[in-house]
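A short write-up of the structure that comes next.
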Amino acid sequence: MAATINTYLSFKDTAREAMAFYQSVFGGDLTSSTFADYQVSEDPAEQDKIMHSMLTTPSGQVLMAADTPNSMEYTAPAGHSLSISGDDQEEIRGYWDALAGSGTEVMPLAQSPWGDSFGMCVDRFGISWMVNIAGAPAGDQAAGQGTERETARS
C-alpha cells in the first residue's frame, strides 16, 4: 500500500458534532469510536469523547478527527488551512456556502487575479478553509466563453 497524507483535526469536545457537519457538507461514510470503545481512559468524563473519527467522501477524500483528552493541552488550530479546489463550480460553491455559512468569511469567494474564483473562511469549529474554483482557460474567455460570473454580469 502506498503512503498517504490525510488531514487529522483535533477538537476540544466537539469532534462528533464537527464530523457530522463535515459529512453533511461533503457526503460519504463516517465512522467514529469513543474513548470507551477502546478503553483508553478511566476518566468517566472522557468515555463519550471521540477517540477516532474518519470521513471518507464519495470522491475518496479522507478527513479524520478526534477530541483532545483532558490530560492533554488543546491548542486551537492556527497557521494552516484545508484547501478545496476543482472545476465543478456547483459542487465546490456548495461546499463554500456550507462552510462559510456556518462560520466567518475571511475573503469572499470572488474572481481572483489568476482567473479562478477564490475565497477563504473559518467554519464554526474554527477550521480555516481555502476554496478555489478553476476558471475557464484564457483562450475560452477570449472566445466568448467566460466564467459563469462574467456571463451573469452580461
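Labels used: A, B, ... for chains in the order of the C-alpha cells, numbers from 1 for residues in each chain, and numbers from 1 for ligands as shown.
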Can you list, as a PyMOL selection string, every residue of region 39-95 of chain A that DSSP puts in strand (DSSP E)?
chain A and resi 50-56+62-67+82-86
Could the residues in this selection be saved with N, CA, C and O atoms as an mmCIF file, in the first residue's frame?
data_model
loop_
_atom_site.group_PDB
_atom_site.id
_atom_site.type_symbol
_atom_site.label_atom_id
_atom_site.label_comp_id
_atom_site.auth_asym_id
_atom_site.auth_seq_id
_atom_site.Cartn_x
_atom_site.Cartn_y
_atom_site.Cartn_z
ATOM 1 N N ILE A 50 -14.727 11.461 21.337
ATOM 2 C CA ILE A 50 -14.305 10.742 20.127
ATOM 3 C C ILE A 50 -12.797 10.519 20.177
ATOM 4 O O ILE A 50 -12.024 11.469 20.247
ATOM 5 N N MET A 51 -12.413 9.255 20.143
ATOM 6 C CA MET A 51 -11.001 8.912 20.099
ATOM 7 C C MET A 51 -10.499 8.917 18.657
ATOM 8 O O MET A 51 -9.375 9.306 18.373
ATOM 9 N N HIS A 52 -11.368 8.489 17.746
ATOM 10 C CA HIS A 52 -11.003 8.481 16.320
ATOM 11 C C HIS A 52 -12.277 8.520 15.488
ATOM 12 O O HIS A 52 -13.206 7.764 15.728
ATOM 13 N N SER A 53 -12.274 9.419 14.510
ATOM 14 C CA SER A 53 -13.389 9.519 13.577
ATOM 15 C C SER A 53 -12.808 9.686 12.180
ATOM 16 O O SER A 53 -11.795 10.364 12.001
ATOM 17 N N MET A 54 -13.451 9.043 11.206
ATOM 18 C CA MET A 54 -12.954 9.124 9.835
ATOM 19 C C MET A 54 -14.129 9.267 8.868
ATOM 20 O O MET A 54 -15.072 8.486 8.893
ATOM 21 N N LEU A 55 -14.027 10.295 8.038
ATOM 22 C CA LEU A 55 -14.997 10.542 6.977
ATOM 23 C C LEU A 55 -14.313 10.267 5.648
ATOM 24 O O LEU A 55 -13.274 10.852 5.350
ATOM 25 N N THR A 56 -14.896 9.352 4.872
ATOM 26 C CA THR A 56 -14.412 9.086 3.520
ATOM 27 C C THR A 56 -15.482 9.578 2.565
ATOM 28 O O THR A 56 -16.611 9.081 2.576
ATOM 29 N N VAL A 62 -10.256 11.775 2.465
ATOM 30 C CA VAL A 62 -10.357 11.311 3.849
ATOM 31 C C VAL A 62 -10.081 12.472 4.797
ATOM 32 O O VAL A 62 -9.095 13.195 4.643
ATOM 33 N N LEU A 63 -10.968 12.624 5.767
ATOM 34 C CA LEU A 63 -10.825 13.635 6.812
ATOM 35 C C LEU A 63 -10.972 12.899 8.137
ATOM 36 O O LEU A 63 -11.957 12.180 8.329
ATOM 37 N N MET A 64 -9.999 13.041 9.027
ATOM 38 C CA MET A 64 -10.042 12.356 10.317
ATOM 39 C C MET A 64 -10.008 13.377 11.440
ATOM 40 O O MET A 64 -9.528 14.498 11.253
ATOM 41 N N ALA A 65 -10.512 12.948 12.615
ATOM 42 C CA ALA A 65 -10.555 13.870 13.757
ATOM 43 C C ALA A 65 -10.674 13.101 15.061
ATOM 44 O O ALA A 65 -11.060 11.929 15.078
ATOM 45 N N ALA A 66 -10.377 13.809 16.140
ATOM 46 C CA ALA A 66 -10.527 13.266 17.493
ATOM 47 C C ALA A 66 -10.704 14.413 18.475
ATOM 48 O O ALA A 66 -10.337 15.552 18.197
ATOM 49 N N ASP A 67 -11.262 14.075 19.637
ATOM 50 C CA ASP A 67 -11.299 15.013 20.751
ATOM 51 C C ASP A 67 -9.980 14.911 21.500
ATOM 52 O O ASP A 67 -9.397 13.830 21.621
ATOM 53 N N LEU A 82 -7.350 24.066 5.296
ATOM 54 C CA LEU A 82 -7.700 22.981 4.398
ATOM 55 C C LEU A 82 -8.086 23.634 3.080
ATOM 56 O O LEU A 82 -8.734 24.679 3.062
ATOM 57 N N SER A 83 -7.679 23.026 1.977
ATOM 58 C CA SER A 83 -7.904 23.615 0.661
ATOM 59 C C SER A 83 -8.781 22.704 -0.178
ATOM 60 O O SER A 83 -8.536 21.506 -0.253
ATOM 61 N N ILE A 84 -9.785 23.299 -0.779
ATOM 62 C CA ILE A 84 -10.663 22.593 -1.714
ATOM 63 C C ILE A 84 -10.494 23.271 -3.061
ATOM 64 O O ILE A 84 -10.619 24.487 -3.164
ATOM 65 N N SER A 85 -10.223 22.489 -4.088
ATOM 66 C CA SER A 85 -10.093 23.075 -5.417
ATOM 67 C C SER A 85 -10.605 22.098 -6.459
ATOM 68 O O SER A 85 -10.615 20.889 -6.251
ATOM 69 N N GLY A 86 -11.038 22.650 -7.559
ATOM 70 C CA GLY A 86 -11.553 21.848 -8.665
ATOM 71 C C GLY A 86 -12.266 22.741 -9.651
ATOM 72 O O GLY A 86 -12.262 23.964 -9.527
#
If we count only C-alpha atoms and set the cut-off at 9 Å, which residues sit around Gly126 (chain A), ignoring sequence neighbours fewer than 3 positions away in its own chain? Please answer as a ChimeraX atom specification.
/A:76-78,103,122-123
Which of these, A:Ala134, A:Val40, A:Cys121, A:Ile5, has the shortest distance to Ser102 (chain A) once you count only C-alpha atoms?
A:Cys121
Please measure the separation of CA of Gln89 (chain A) and CA of Ile133 (chain A), giving the value in Å to one decimal.
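Atom-to-atom, CA of Gln89 (chain A) and CA of Ile133 (chain A) are spaced 6.1 Å apart.
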Pick out each residue of region 11-84 of chain A that DSSP on the backbone tags as alpha helix (DSSP H); I need them as a PyMOL selection string.
chain A and resi 15-26
Gly79 (chain A) proximity check over A:Ser128, A:Thr31, A:Ser117, A:Gln111, using only C-alpha atoms: winner is A:Ser128
Counting only C-alpha atoms, which residues of region 91-127 of chain A sit at most 12 Å from some atom of region 13-28 of chain A, and what is each one's closest atom pair with its distance in Å to one decimal, listed by chain and rising residue number, as a Markdown table?
| residue | atom | partner | partner_atom | distance |
| --- | --- | --- | --- | --- |
| A:Glu91 | CA | A:Phe26 | CA | 9.4 |
| A:Ile92 | CA | A:Phe26 | CA | 9.8 |
| A:Arg93 | CA | A:Val25 | CA | 11.1 |
| A:Gly94 | CA | A:Val25 | CA | 7.9 |
| A:Tyr95 | CA | A:Val25 | CA | 6.1 |
| A:Trp96 | CA | A:Val25 | CA | 9.2 |
| A:Asp97 | CA | A:Val25 | CA | 9.3 |
| A:Ala98 | CA | A:Val25 | CA | 6.3 |
| A:Leu99 | CA | A:Val25 | CA | 7.7 |
| A:Ala100 | CA | A:Val25 | CA | 11.2 |
| A:Gly101 | CA | A:Val25 | CA | 11.2 |
| A:Ser102 | CA | A:Phe21 | CA | 9.6 |
| A:Asp123 | CA | A:Ala18 | CA | 9.6 |
| A:Arg124 | CA | A:Ala18 | CA | 8.7 |
| A:Phe125 | CA | A:Ala18 | CA | 6.6 |
| A:Gly126 | CA | A:Ala18 | CA | 10.0 |
| A:Ile127 | CA | A:Ala18 | CA | 9.8 |
Keeping only N, CA and C atoms, write those residues as an mmCIF file, in the first residue's frame.
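Output (selection06.cif):
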data_model
loop_
_atom_site.group_PDB
_atom_site.id
_atom_site.type_symbol
_atom_site.label_atom_id
_atom_site.label_comp_id
_atom_site.auth_asym_id
_atom_site.auth_seq_id
_atom_site.Cartn_x
_atom_site.Cartn_y
_atom_site.Cartn_z
ATOM 1 N N GLU A 91 -20.630 22.094 -7.390
ATOM 2 C CA GLU A 91 -20.213 21.274 -6.254
ATOM 3 C C GLU A 91 -19.389 22.094 -5.255
ATOM 4 N N ILE A 92 -18.375 22.783 -5.749
ATOM 5 C CA ILE A 92 -17.463 23.485 -4.853
ATOM 6 C C ILE A 92 -18.129 24.706 -4.236
ATOM 7 N N ARG A 93 -18.986 25.384 -4.981
ATOM 8 C CA ARG A 93 -19.720 26.514 -4.404
ATOM 9 C C ARG A 93 -20.639 26.018 -3.277
ATOM 10 N N GLY A 94 -21.187 24.820 -3.423
ATOM 11 C CA GLY A 94 -21.997 24.235 -2.356
ATOM 12 C C GLY A 94 -21.181 24.014 -1.088
ATOM 13 N N TYR A 95 -19.939 23.529 -1.249
ATOM 14 C CA TYR A 95 -19.061 23.371 -0.096
ATOM 15 C C TYR A 95 -18.809 24.729 0.550
ATOM 16 N N TRP A 96 -18.501 25.712 -0.289
ATOM 17 C CA TRP A 96 -18.236 27.070 0.218
ATOM 18 C C TRP A 96 -19.428 27.588 1.008
ATOM 19 N N ASP A 97 -20.613 27.476 0.422
ATOM 20 C CA ASP A 97 -21.812 28.004 1.081
ATOM 21 C C ASP A 97 -22.008 27.375 2.456
ATOM 22 N N ALA A 98 -21.784 26.065 2.561
ATOM 23 C CA ALA A 98 -21.967 25.373 3.844
ATOM 24 C C ALA A 98 -20.885 25.764 4.845
ATOM 25 N N LEU A 99 -19.637 25.779 4.414
ATOM 26 C CA LEU A 99 -18.532 26.079 5.326
ATOM 27 C C LEU A 99 -18.535 27.537 5.756
ATOM 28 N N ALA A 100 -18.602 28.453 4.793
ATOM 29 C CA ALA A 100 -18.594 29.881 5.115
ATOM 30 C C ALA A 100 -19.884 30.277 5.830
ATOM 31 N N GLY A 101 -20.998 29.665 5.417
ATOM 32 C CA GLY A 101 -22.285 29.978 6.026
ATOM 33 C C GLY A 101 -22.363 29.570 7.486
ATOM 34 N N SER A 102 -21.538 28.595 7.877
ATOM 35 C CA SER A 102 -21.551 28.140 9.266
ATOM 36 C C SER A 102 -20.604 28.957 10.136
ATOM 37 N N ASP A 123 -14.772 27.906 9.475
ATOM 38 C CA ASP A 123 -16.079 27.334 9.805
ATOM 39 C C ASP A 123 -16.380 27.478 11.293
ATOM 40 N N ARG A 124 -17.550 27.070 11.691
ATOM 41 C CA ARG A 124 -17.979 27.285 13.076
ATOM 42 C C ARG A 124 -17.181 26.487 14.096
ATOM 43 N N PHE A 125 -16.340 25.563 13.628
ATOM 44 C CA PHE A 125 -15.496 24.781 14.531
ATOM 45 C C PHE A 125 -14.067 25.325 14.591
ATOM 46 N N GLY A 126 -13.835 26.470 13.928
ATOM 47 C CA GLY A 126 -12.529 27.113 13.969
ATOM 48 C C GLY A 126 -11.543 26.591 12.934
ATOM 49 N N ILE A 127 -12.017 25.832 11.957
ATOM 50 C CA ILE A 127 -11.151 25.284 10.921
ATOM 51 C C ILE A 127 -11.130 26.242 9.736
#
